Every structure is written in structure tokens, then in C-alpha cells.
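Engineer: One file: start_34.txt (compact mmCIF, C-alpha atoms and all ligand atoms).
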# COMPACT_ATOMS: atom_id res chain seq x y z
CA MET O 1 102.21 103.43 114.80
CA LYS O 2 100.55 104.11 111.48
CA LYS O 3 97.96 106.88 111.39
CA ARG O 4 94.43 105.76 110.60
CA ALA O 5 91.91 107.59 108.44
CA LEU O 6 88.25 106.80 107.82
CA ILE O 7 86.87 108.12 104.51
CA THR O 8 83.20 108.28 103.55
CA GLY O 9 82.59 108.52 99.81
CA VAL O 10 85.90 106.75 99.18
CA THR O 11 84.79 105.29 95.83
CA GLY O 12 84.00 108.76 94.46
CA GLN O 13 86.39 111.11 92.67
CA ASP O 14 87.76 112.89 95.75
CA GLY O 15 87.69 109.81 97.98
CA SER O 16 89.81 107.82 95.56
CA TYR O 17 92.46 110.56 95.17
CA LEU O 18 92.52 111.11 98.92
CA ALA O 19 92.88 107.38 99.66
CA GLU O 20 95.84 107.17 97.22
CA PHE O 21 97.42 110.23 98.82
CA LEU O 22 97.03 108.88 102.37
CA LEU O 23 98.30 105.40 101.42
CA GLU O 24 101.39 107.11 99.98
CA LYS O 25 101.81 108.73 103.39
CA ASP O 26 101.63 105.28 104.97
CA TYR O 27 98.19 105.72 106.58
CA GLU O 28 95.89 102.81 107.26
CA VAL O 29 92.89 103.78 105.15
CA TYR O 30 89.39 102.64 106.09
CA GLY O 31 86.61 103.15 103.57
CA LEU O 32 82.93 103.24 104.40
CA ARG O 33 80.98 101.38 101.75
CA ARG O 34 77.25 101.35 101.24
CA ARG O 35 75.86 97.96 100.31
CA THR O 36 74.56 97.90 96.72
CA SER O 37 73.78 94.98 94.44
CA THR O 38 76.22 96.31 91.82
CA PRO O 39 79.17 97.96 93.61
CA ASN O 40 81.33 100.32 91.58
CA TYR O 41 85.04 100.26 92.43
CA GLU O 42 86.25 101.81 89.17
CA ASN O 43 87.97 104.81 90.81
CA VAL O 44 89.71 102.70 93.46
CA ALA O 45 90.50 99.65 91.29
CA ARG O 46 94.27 100.02 91.80
CA ILE O 47 94.09 100.36 95.58
CA LYS O 48 90.99 98.32 96.40
CA ASP O 49 92.94 95.64 98.29
CA ARG O 50 94.82 98.21 100.34
CA ILE O 51 91.66 99.84 101.70
CA LYS O 52 90.06 98.29 104.78
CA TRP O 53 86.38 98.22 103.96
CA ILE O 54 83.61 98.81 106.49
CA SER O 55 79.95 98.49 105.58
CA GLY O 56 77.71 101.32 106.63
CA ASP O 57 75.33 104.01 105.51
CA LEU O 58 75.47 107.71 106.26
CA THR O 59 71.77 107.72 107.14
CA ASP O 60 72.25 104.95 109.74
CA LEU O 61 73.90 106.36 112.86
CA ALA O 62 74.42 102.91 114.41
CA SER O 63 76.51 101.83 111.42
CA LEU O 64 78.62 104.99 111.65
CA ILE O 65 79.26 104.48 115.37
CA GLU O 66 80.39 100.96 114.53
CA ALA O 67 82.59 102.25 111.68
CA VAL O 68 84.34 104.67 114.03
CA ARG O 69 84.72 101.93 116.67
CA LEU O 70 86.25 99.51 114.15
CA SER O 71 88.60 101.99 112.49
CA ASP O 72 89.55 103.95 115.64
CA PRO O 73 90.56 106.82 113.33
CA ASP O 74 92.93 109.73 113.87
CA GLU O 75 91.20 111.52 111.00
CA VAL O 76 87.73 111.27 109.46
CA TYR O 77 87.03 112.70 106.00
CA ASN O 78 83.32 113.08 105.31
CA LEU O 79 83.17 113.20 101.50
CA ALA O 80 80.01 111.18 100.83
CA ALA O 81 76.99 113.10 99.56
CA GLN O 82 74.36 113.35 96.89
CA SER O 83 76.72 115.65 95.05
CA TYR O 84 75.07 116.47 91.74
CA VAL O 85 73.33 119.86 91.82
CA ALA O 86 70.81 119.14 89.04
CA ALA O 87 69.61 115.95 90.79
CA SER O 88 68.82 117.89 93.94
CA TRP O 89 65.64 119.45 92.50
CA PRO O 90 63.92 116.14 91.66
CA GLN O 91 65.23 114.61 94.93
CA PRO O 92 65.32 117.45 97.47
CA LEU O 93 64.52 115.36 100.56
CA LEU O 94 67.03 112.63 99.77
CA THR O 95 69.63 115.35 99.17
CA GLY O 96 68.74 116.85 102.55
CA GLN O 97 69.04 113.51 104.33
CA ILE O 98 72.42 112.61 102.84
CA THR O 99 74.11 115.92 102.13
CA ALA O 100 72.80 117.78 105.21
CA VAL O 101 71.47 115.72 108.14
CA ALA O 102 73.91 112.83 107.67
CA VAL O 103 76.78 115.21 108.46
CA THR O 104 75.35 115.35 111.97
CA ASN O 105 75.23 111.54 112.04
CA MET O 106 78.93 111.40 111.22
CA LEU O 107 79.78 114.12 113.74
CA GLU O 108 77.73 112.33 116.41
CA ALA O 109 79.50 109.05 115.72
CA VAL O 110 82.84 110.83 116.18
CA ARG O 111 81.67 112.75 119.27
CA ILE O 112 80.41 109.56 120.94
CA MET O 113 83.23 107.18 119.99
CA LYS O 114 86.36 109.27 119.36
CA PRO O 115 85.89 112.97 120.21
CA GLY O 116 89.62 113.70 119.91
CA CYS O 117 89.66 112.60 116.26
CA ARG O 118 90.13 115.23 113.53
CA PHE O 119 87.15 115.74 111.22
CA TYR O 120 86.98 117.13 107.67
CA GLN O 121 83.66 118.17 106.13
CA ALA O 122 83.41 118.53 102.35
CA SER O 123 81.71 121.90 101.97
CA SER O 124 81.10 123.50 98.61
CA SER O 125 81.30 126.76 96.69
CA GLU O 126 77.64 126.07 95.76
CA MET O 127 76.89 127.57 99.20
CA PHE O 128 77.77 130.99 97.71
CA GLY O 129 75.15 130.51 94.97
CA LYS O 130 73.87 133.95 94.09
CA VAL O 131 77.18 135.47 95.02
CA GLN O 132 77.17 138.36 97.48
CA GLU O 133 80.69 139.48 96.54
CA THR O 134 83.41 138.52 94.05
CA PRO O 135 85.76 136.80 94.62
CA GLN O 136 84.26 134.64 97.36
CA CYS O 137 86.26 133.95 100.54
CA GLU O 138 85.66 132.41 103.98
CA THR O 139 83.69 135.44 105.21
CA THR O 140 81.44 135.85 102.13
CA PRO O 141 77.76 135.34 103.13
CA PHE O 142 76.06 132.25 101.70
CA TYR O 143 73.08 132.42 99.31
CA PRO O 144 72.51 128.86 98.01
CA ARG O 145 70.52 128.41 94.81
CA SER O 146 69.64 124.69 94.84
CA PRO O 147 68.47 122.08 97.37
CA TYR O 148 72.06 120.80 97.15
CA GLY O 149 73.50 124.20 98.06
CA VAL O 150 71.02 124.56 100.94
CA ALA O 151 72.00 121.11 102.25
CA LYS O 152 75.72 121.96 102.08
CA VAL O 153 75.11 125.14 104.11
CA TYR O 154 73.62 122.96 106.85
CA GLY O 155 76.64 120.61 106.70
CA HIS O 156 79.00 123.57 106.95
CA TRP O 157 77.31 125.18 109.95
CA ILE O 158 76.82 121.95 111.89
CA THR O 159 80.57 121.31 111.50
CA VAL O 160 81.36 124.80 112.82
CA ASN O 161 78.82 124.25 115.59
CA TYR O 162 80.36 120.97 116.77
CA ARG O 163 83.76 122.66 116.82
CA GLU O 164 82.38 125.48 118.97
CA SER O 165 80.00 123.38 121.12
CA PHE O 166 82.18 120.36 121.86
CA ASN O 167 85.64 121.74 121.12
CA MET O 168 86.06 119.14 118.38
CA PHE O 169 88.81 119.48 115.76
CA ALA O 170 86.31 119.89 112.92
CA CYS O 171 87.23 121.70 109.68
CA SER O 172 85.09 122.71 106.74
CA GLY O 173 86.80 122.89 103.36
CA ILE O 174 84.87 125.15 101.00
CA LEU O 175 86.04 123.62 97.74
CA PHE O 176 85.27 125.22 94.40
CA ASN O 177 84.54 122.90 91.44
CA HIS O 178 87.26 120.30 91.10
CA GLU O 179 87.47 117.86 88.24
CA SER O 180 89.51 114.98 86.89
CA PRO O 181 89.21 111.98 84.57
CA ARG O 182 87.34 110.36 87.51
CA ARG O 183 84.62 113.04 87.61
CA GLY O 184 81.08 111.69 87.28
CA ILE O 185 79.85 111.73 83.69
CA GLU O 186 76.89 114.03 84.50
CA PHE O 187 79.11 116.97 85.53
CA VAL O 188 79.74 119.49 82.79
CA THR O 189 83.51 119.00 82.38
CA ARG O 190 83.29 115.24 82.06
CA LYS O 191 80.14 115.42 79.93
CA VAL O 192 82.09 117.61 77.49
CA THR O 193 85.35 115.61 77.46
CA ASP O 194 83.46 112.33 77.03
CA ALA O 195 81.40 113.79 74.17
CA VAL O 196 84.49 115.25 72.49
CA SER O 197 86.08 111.79 72.49
CA ARG O 198 82.95 110.14 71.09
CA ILE O 199 82.56 112.80 68.40
CA LYS O 200 86.23 112.53 67.47
CA LEU O 201 85.93 108.76 67.14
CA GLY O 202 82.72 109.00 65.09
CA LEU O 203 80.33 107.65 67.73
CA GLN O 204 78.31 110.81 68.32
CA ASN O 205 77.52 113.88 66.22
CA GLU O 206 76.01 116.40 68.61
CA LEU O 207 76.27 117.53 72.21
CA ARG O 208 73.21 118.91 74.02
CA MET O 209 74.05 121.49 76.67
CA GLY O 210 72.33 123.88 79.10
CA ASN O 211 73.60 127.34 80.05
CA ILE O 212 77.02 127.71 78.45
CA ASP O 213 77.51 131.27 79.72
CA SER O 214 77.88 130.20 83.33
CA LEU O 215 81.29 130.80 84.88
CA ARG O 216 83.19 128.50 87.23
CA ASP O 217 86.50 128.27 89.05
CA TRP O 218 87.65 124.78 88.02
CA GLY O 219 90.65 123.04 89.58
CA PHE O 220 92.15 119.55 89.60
CA ALA O 221 90.75 117.18 92.27
CA GLY O 222 94.19 115.62 92.84
CA ASP O 223 95.48 119.02 94.02
CA TYR O 224 92.42 119.65 96.20
CA VAL O 225 92.63 116.49 98.34
CA LYS O 226 96.06 117.64 99.53
CA ALA O 227 94.37 120.73 100.97
CA MET O 228 91.91 118.51 102.88
CA TRP O 229 94.79 116.69 104.54
CA LEU O 230 96.70 119.90 105.27
CA MET O 231 93.65 121.33 107.09
CA LEU O 232 93.77 118.42 109.54
CA GLN O 233 97.52 118.82 110.21
CA GLN O 234 97.26 122.34 111.67
CA ASP O 235 97.35 123.36 115.34
CA TYR O 236 93.78 124.68 115.21
CA ALA O 237 90.68 123.63 113.32
CA ASP O 238 89.42 126.22 110.86
CA ASP O 239 87.56 126.68 107.56
CA TYR O 240 89.28 127.33 104.23
CA VAL O 241 88.32 128.21 100.67
CA ILE O 242 90.14 126.05 98.09
CA SER O 243 90.05 127.34 94.51
CA THR O 244 92.25 128.39 91.60
CA GLY O 245 91.32 132.08 91.61
CA GLU O 246 90.64 131.82 87.85
CA MET O 247 87.24 131.84 86.22
CA HIS O 248 86.22 130.30 82.87
CA SER O 249 82.88 129.96 81.11
CA VAL O 250 81.34 126.67 80.01
CA ARG O 251 81.82 128.09 76.49
CA GLU O 252 85.59 128.33 77.08
CA LEU O 253 85.55 124.77 78.39
CA LEU O 254 83.93 123.72 75.09
CA GLU O 255 86.50 125.67 73.08
CA VAL O 256 89.47 124.14 74.90
CA ALA O 257 88.14 120.56 74.74
CA PHE O 258 87.00 120.59 71.08
CA SER O 259 89.98 122.51 69.72
CA TYR O 260 92.35 120.08 71.46
CA VAL O 261 91.17 117.38 69.03
CA GLY O 262 91.00 119.80 66.08
CA LEU O 263 87.23 120.42 66.12
CA ASP O 264 85.02 123.54 66.42
CA TYR O 265 82.43 123.20 69.20
CA ARG O 266 79.94 125.38 67.28
CA ASP O 267 79.54 122.57 64.73
CA TYR O 268 78.28 120.16 67.40
CA VAL O 269 76.75 121.93 70.40
CA VAL O 270 72.97 122.32 70.61
CA ILE O 271 71.34 124.25 73.47
CA ASP O 272 68.64 122.13 75.09
CA GLN O 273 66.28 123.49 77.77
CA GLU O 274 66.37 120.10 79.47
CA PHE O 275 69.81 120.98 80.84
CA VAL O 276 68.93 124.51 81.94
CA ARG O 277 68.41 124.62 85.72
CA PRO O 278 65.44 126.11 87.63
CA ALA O 279 67.85 128.48 89.39
CA GLU O 280 71.41 129.03 88.19
CA VAL O 281 74.64 129.93 89.91
CA ASP O 282 75.95 132.40 87.33
CA LEU O 283 79.53 132.69 88.53
CA LEU O 284 81.90 131.31 91.12
CA LEU O 285 85.39 132.64 91.74
CA GLY O 286 87.31 131.73 94.87
CA ASP O 287 89.89 133.67 96.84
CA CYS O 288 92.09 131.00 98.45
CA SER O 289 94.73 133.32 99.88
CA LYS O 290 94.06 132.06 103.44
CA ALA O 291 94.78 128.44 102.40
CA LYS O 292 97.91 129.49 100.52
CA GLN O 293 99.21 131.49 103.44
CA LYS O 294 98.22 129.28 106.39
CA LEU O 295 98.38 125.81 104.85
CA GLY O 296 101.11 126.50 102.31
CA TRP O 297 98.82 124.87 99.75
CA GLU O 298 99.70 125.28 96.04
CA LEU O 299 98.00 124.29 92.81
CA GLU O 300 99.85 122.20 90.28
CA VAL O 301 97.43 121.68 87.39
CA GLY O 302 95.96 124.63 85.43
CA PHE O 303 92.66 124.82 83.48
CA ASN O 304 93.85 123.91 79.96
CA GLU O 305 96.06 121.11 81.25
CA LEU O 306 93.15 119.73 83.30
CA ILE O 307 90.71 119.66 80.39
CA GLN O 308 93.31 118.18 78.04
CA MET O 309 94.16 115.48 80.59
CA MET O 310 90.44 114.60 80.77
CA VAL O 311 90.08 114.47 76.97
CA ASP O 312 93.18 112.25 76.72
CA GLN O 313 91.79 109.80 79.28
CA ASP O 314 88.35 109.72 77.67
CA LEU O 315 89.90 109.11 74.24
CA LEU O 316 91.85 106.15 75.63
CA ARG O 317 88.75 104.74 77.34
CA VAL O 318 86.43 105.13 74.34
CA GLU O 319 89.08 103.67 72.01
CA SER O 320 89.46 100.61 74.21
CA GLU O 321 85.67 100.19 74.37
CA LEU O 322 85.62 100.36 70.57
CA ARG O 323 88.36 97.76 70.28
CA ALA O 324 86.46 95.45 72.63
CA VAL O 325 83.31 95.76 70.50
CA GLU O 326 85.26 95.16 67.26
CA HIS O 327 86.91 92.13 68.82
CA LEU O 328 83.48 90.63 69.58
CA LYS O 329 82.47 91.07 65.92
CA LEU O 330 85.41 89.01 64.63
CA PRO O 331 84.44 85.65 63.10
CA ILE O 332 85.38 82.75 65.36
P1 LIG P 1 78.05 122.53 89.62
O1 LIG P 1 78.75 123.84 89.56
O2 LIG P 1 78.33 121.76 90.88
O3 LIG P 1 76.59 122.62 89.34
O4 LIG P 1 78.76 121.62 88.48
P2 LIG P 1 78.27 121.13 87.04
O5 LIG P 1 79.49 120.61 86.37
O6 LIG P 1 77.12 120.19 87.13
O7 LIG P 1 77.74 122.45 86.30
C1 LIG P 1 78.58 123.57 86.10
C2 LIG P 1 77.86 124.61 85.28
O8 LIG P 1 77.69 124.14 83.94
C3 LIG P 1 76.45 124.97 85.77
O9 LIG P 1 76.30 126.37 85.73
C4 LIG P 1 75.53 124.32 84.76
O10 LIG P 1 74.26 124.98 84.60
C5 LIG P 1 76.38 124.46 83.50
N1 LIG P 1 75.96 123.56 82.43
C6 LIG P 1 75.61 123.90 81.17
N2 LIG P 1 75.23 122.83 80.46
C7 LIG P 1 75.35 121.76 81.29
C8 LIG P 1 75.10 120.36 81.12
O11 LIG P 1 74.70 119.89 80.08
N3 LIG P 1 75.34 119.57 82.21
C9 LIG P 1 75.81 120.08 83.41
N4 LIG P 1 76.06 119.25 84.43
N5 LIG P 1 76.03 121.40 83.58
C10 LIG P 1 75.80 122.23 82.54
Would you kindly transcribe this structure into C-alpha cells?

Structural biologist:
Amino acid sequence: MKKRALITGVTGQDGSYLAEFLLEKDYEVYGLRRRTSTPNYENVARIKDRIKWISGDLTDLASLIEAVRLSDPDEVYNLAAQSYVAASWPQPLLTGQITAVAVTNMLEAVRIMKPGCRFYQASSSEMFGKVQETPQCETTPFYPRSPYGVAKVYGHWITVNYRESFNMFACSGILFNHESPRRGIEFVTRKVTDAVSRIKLGLQNELRMGNIDSLRDWGFAGDYVKAMWLMLQQDYADDYVISTGEMHSVRELLEVAFSYVGLDYRDYVVIDQEFVRPAEVDLLLGDCSKAKQKLGWELEVGFNELIQMMVDQDLLRVESELRAVEHLKLPI
């Protein structure tokens, strides 16, 4: 019998890598999809026909109960969220409904329909916010600094609570920033690698940024989804920090990305208050020794390699967009 997994947020960066990983392991993969007039399957284009799609919405408990009934999953990965920190100030209530309360919807659907199923909650290093110690580990107290971070703290604790209240196999993965060529364009890594490609190809001549002194622990999303799966293969449910244990500034990110194509970021970057946040998380640095020891999890892609991989992909994409535009201009 094939194992079955239900993934929420399957069309996002992490969902698409996880779906590929589970299909490789011969899982039947079910993906929850929210109805929209213009669906976006870009991240899952290569595996779209291998995913069994179920319509539903995280804010609609009935649809989640039905999704669990239809998929009868061995494992549920709850990755869907309003996941962009900066958007959580203008939309704090929506962020609370999707990123916080909807975790309870998903847990309730599992508790009612398939309580023996294993559950993964996508928690976030943003919960550490104004960090209370460095590096941050599973026992570091939370101090979120955005409506997004506050919502993720709720999602984390409700997952722990369902584990303790109902003896459910529910794990919370506290993942530090993880990036890839599939990262949303509004996140800082992708914003930079996309801009570098456009500048290199003569389509843009400046890049407007916020706080470039902030420090993050950036890893590769493809490595991080393996940790999610490993958490659900253990004898006991638990919570784990997943990180690289290395910290870099946004400024270093700019240096690596621009110098990779032979440019100096100082010639292009302009600081713009529009991108400075009402409250900042100055630094994040994770201690993932528990995951390494208990899960046997290992990183494969380092910081420079990650950023260069993202620049390479953006260059290819922008070049092909350019070719398409030039093709349209050709006389018939
Ligand atoms: P986050 O850690 O989940 O908020 O991930 P982001 O990639 O959105 O932001 C990482 C850091 O980059 C934060 O400290 C931001 O304040 C900083 N940053 C500086 N300039 C920008 C920018 O133009 N866009 C974004 N998204 N972040 C920026």
C-alpha cells in the first residue's frame, strides 16, 4: 500500500519541493487547492498531473474535513499561510485567520476524521523576533515582532496543545528562512536575484531596498522539506529547529548576488523607507543540533551556492522573457 500525504500550500515554494520529494518516495500526494479565478501552478508545473487535487479553503472547516475524508492521509503537512511578514501589518486580521486560527481548523479536521494521522505544522523563526538569546533553539522564548510572527506563535502552541491534549502525532518545525528559485518575488533573496538579472540584462537600473543591515540564517528550501518528512518518521512527535547555523546580512546577500554577475551593488542600491518595517527582526541564527542528532538531518546547499543558483535561474527566466518579447516584434 502506498502512503498518502495531504499537503496544504502545495503550490507554494515548500509545498512544491515537498510534493516532489514525496512522489519520489512513491507517496500518493493530495494537494489542497483554493479556488481562484487565475490559478498559479508555476511551482508544480512538472508534477501537476501526479498530484490528486482537492478543493478547499483553510478558513472553511467543512472543506478540510472533506479533504481529510477524501485523502485518508497517513501524513498531513500544513504549509499554507499568509507567509509574507511585511503584508501582515496592512492585513493583520486576515493573517490571524489564515496563519493562526486556520491551524486549529486543520487540526480539528484531522482529530475528527483521522486522529491517528501524523501532522506537521510549518512554524517559523519569526516567532523568535526580538531574540531572547543567540543562537535560537527549541527552548528559546518567543518574542514575535509582526502580526505574522504573533500568528505563527499561535499555530505553534495549538499544535503542541493538540499533541498534549489528544495524544496526536503533531510536530512543529521551526524553520529559519529558506529560499530557492521558487521563492516569492517579494521576499528579499528573490527580490535581489530577480533585480540582479534585470540589471545585468539592461532592463532595470536601480534596486530600492529597506534595512540592509538585518541578519538572517538562510538555507535552501529543498533541504528543509526533507526535515519536515523526517520529523513525521520518528517514534515520537516533537518540535525541531531547522537552520544552517550561519548568519549573513542583507548587505552580504547583495554583495554575493551582484558580484556573481560582475557588478557592484553600491552602484545600484537605493535605501527607500517604503521597505523599512514598523518593527524589525534584527537577527536570526538557529541552532539545529537537535535535528541533526535526532533526525540525522544534513544540509546540502550553502549560502553562496544558494544565491548563485537563484541568480542563474532568474537570468534564464528573464532572458527567455526577453526573447519572447523580441520574437513578437519581428515583422510577419
Ligand atoms: P522575513 O525574514 O520572513 O521577513 O523574510 P524577508 O525575505 O521578507 O526579509 C528578510 C529581511 O530583509 C528583513 O529583515 C527585511 O526587513 C530585510 N529587507 C531589507 N530590504 C528588504 C526589501 O526590500 N524587501 C524585503 N522583503 N525585505 C527586505

Engineer: Can you work out which residues are within 8 Å of ligand LIG 1 (chain P), considering only C-alpha atoms and all ligand atoms, and then hand them over as an NGL selection string?

Structural biologist: :O and (83-86 or 126 or 177 or 186-191 or 208-216 or 250 or 275-277 or 280-283)

Engineer: Rank O:Val269, O:Val325, O:Cys288, O:Leu6 by their smallest atom-to-atom distance to Thr139 in chain O, using all atoms listed in the file, and report the top residue only.

Structural biologist: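 Of O:Val269, O:Val325, O:Cys288, O:Leu6, the one nearest Thr139 in chain O, counting all atoms listed in the file, is O:Cys288.
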
Engineer: Would you list the contacts of range 69-77 of chain O as a list of chain:residue names, taking every protein, DNA or RNA residue within 7 Å and counting only C-alpha atoms, but skipping same-chain residues closer than 4 positions in sequence?

Structural biologist: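 Contacts, in chain order: O:Lys3, O:Arg4, O:Ala5, O:Leu6, O:Ile7, O:Thr8, O:Tyr30, O:Ile65, O:Met113, O:Cys117, O:Arg118, O:Phe119, O:Tyr120, O:Gln121.
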
Engineer: Report, in Å to a single decimal, how far apart CA of Pro92 in chain O and CA of Gln13 in chain O are.

Structural biologist: 22.5 Å

Engineer: So which one's closest to Leu299 in chain O, O:Leu58, O:Ala81, O:Leu230, O:Ile242? Using all atoms listed in the file, please.

Structural biologist: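 Of all the options, O:Ile242 lies closest to Leu299 in chain O.
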
Engineer: Name all residues at most 12 Å from Leu306 in chain O (count all atoms listed in the file; drop same-chain ones fewer than 6 positions away) and give them as JSON, numbers by chain.

Structural biologist: {"O": [178, 179, 180, 181, 182, 183, 189, 190, 193, 218, 219, 220, 221, 222, 223, 253, 256, 257, 260, 299, 300, 312, 313]}

Engineer: Include C-alpha atoms and write out the residues we just selected as a short mmCIF file (atom, residue, chain, number, x, y, z; two decimals), in the frame of the given file.

Structural biologist:
data_model
loop_
_atom_site.label_atom_id
_atom_site.label_comp_id
_atom_site.auth_asym_id
_atom_site.auth_seq_id
_atom_site.Cartn_x
_atom_site.Cartn_y
_atom_site.Cartn_z
CA HIS O 178 87.26 120.30 91.10
CA GLU O 179 87.47 117.86 88.24
CA SER O 180 89.51 114.98 86.89
CA PRO O 181 89.21 111.98 84.57
CA ARG O 182 87.34 110.36 87.51
CA ARG O 183 84.62 113.04 87.61
CA THR O 189 83.51 119.00 82.38
CA ARG O 190 83.29 115.24 82.06
CA THR O 193 85.35 115.61 77.46
CA TRP O 218 87.65 124.78 88.02
CA GLY O 219 90.65 123.04 89.58
CA PHE O 220 92.15 119.55 89.60
CA ALA O 221 90.75 117.18 92.27
CA GLY O 222 94.19 115.62 92.84
CA ASP O 223 95.48 119.02 94.02
CA LEU O 253 85.55 124.77 78.39
CA VAL O 256 89.47 124.14 74.90
CA ALA O 257 88.14 120.56 74.74
CA TYR O 260 92.35 120.08 71.46
CA LEU O 299 98.00 124.29 92.81
CA GLU O 300 99.85 122.20 90.28
CA ASP O 312 93.18 112.25 76.72
CA GLN O 313 91.79 109.80 79.28
#

Engineer: In Å to one decimal, how far is CA of Leu328 in chain O from CA of Asn43 in chain O?

Structural biologist: 25.9 Å

Engineer: Between CA of Tyr27 in chain O and CA of Tyr240 in chain O, what is the distance in Å, rounded to a tenth?

Structural biologist: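 Those two atoms sit 23.5 Å apart.
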
Engineer: I need the residue nearest Ser172 in chain O from this list: O:Gly296, O:Gly262, O:Gly184, O:Gly155. Use only C-alpha atoms for the distance.

Structural biologist: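 Among the listed residues, the smallest separation from Ser172 in chain O belongs to O:Gly155.
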
Engineer: I'd like to know which of O:Gly96, O:Gly15, O:Gly56, O:Pro90 is closest to Ala151 in chain O, using all atoms listed in the file.

Structural biologist: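 Counting all atoms listed in the file, the residue closest to Ala151 in chain O is O:Gly96.
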
Engineer: Just the residues within 12 Å of Asp264 in chain O, please, counting all atoms listed in the file, with nothing from its chain fewer than 2 positions along; format it as a PyMOL selection string.

Structural biologist: chain O and resi 196+199-200+206+251-252+254-262+266-269

Engineer: Out of O:Val192, O:Leu201, O:Leu207, O:Leu32, which residue has the shortest atom-to-atom distance to Val311 in chain O when counting only C-alpha atoms?

Structural biologist: O:Val192

Engineer: Taking the point (93.0, 111.3, 96.1) as given in the file, collect each protein or nucleic acid residue that comes within 9 Å of it, counting all atoms listed in the file, and present the set as a short mmCIF file (atom, residue, chain, number, x, y, z; two decimals) with C-alpha atoms, in the frame of the given file.

Structural biologist:
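Printed below is selection_18.cif as written:
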data_model
loop_
_atom_site.label_atom_id
_atom_site.label_comp_id
_atom_site.auth_asym_id
_atom_site.auth_seq_id
_atom_site.Cartn_x
_atom_site.Cartn_y
_atom_site.Cartn_z
CA VAL O 10 85.90 106.75 99.18
CA GLN O 13 86.39 111.11 92.67
CA ASP O 14 87.76 112.89 95.75
CA GLY O 15 87.69 109.81 97.98
CA SER O 16 89.81 107.82 95.56
CA TYR O 17 92.46 110.56 95.17
CA LEU O 18 92.52 111.11 98.92
CA ALA O 19 92.88 107.38 99.66
CA GLU O 20 95.84 107.17 97.22
CA PHE O 21 97.42 110.23 98.82
CA LEU O 22 97.03 108.88 102.37
CA ALA O 221 90.75 117.18 92.27
CA GLY O 222 94.19 115.62 92.84
CA ASP O 223 95.48 119.02 94.02
CA TYR O 224 92.42 119.65 96.20
CA VAL O 225 92.63 116.49 98.34
CA LYS O 226 96.06 117.64 99.53
#

Engineer: Of the candidates O:Phe176, O:Ile98, O:Ser243, O:Ser320, which one gets nearest to Gly129 in chain O if we count all atoms listed in the file?

Structural biologist: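 Checking each candidate against Gly129 in chain O, we get O:Phe176 as the closest.
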
Engineer: Write out as a PyMOL selection string which residues come within 9 Å of Arg35 in chain O when counting only C-alpha atoms, dropping same-chain ones fewer than 3 positions away.

Structural biologist: chain O and resi 38-39+55-57

Engineer: Keeping C-alpha atoms for every residue in the selection just given, could you write it to a file as a PDB file, in the coordinates of the input?

Structural biologist:
ATOM      1  CA  THR O  38      76.220  96.310  91.820  1.00  0.00           C
ATOM      2  CA  PRO O  39      79.170  97.960  93.610  1.00  0.00           C
ATOM      3  CA  SER O  55      79.950  98.490 105.580  1.00  0.00           C
ATOM      4  CA  GLY O  56      77.710 101.320 106.630  1.00  0.00           C
ATOM      5  CA  ASP O  57      75.330 104.010 105.510  1.00  0.00           C
TER       6      ASP O  57
END
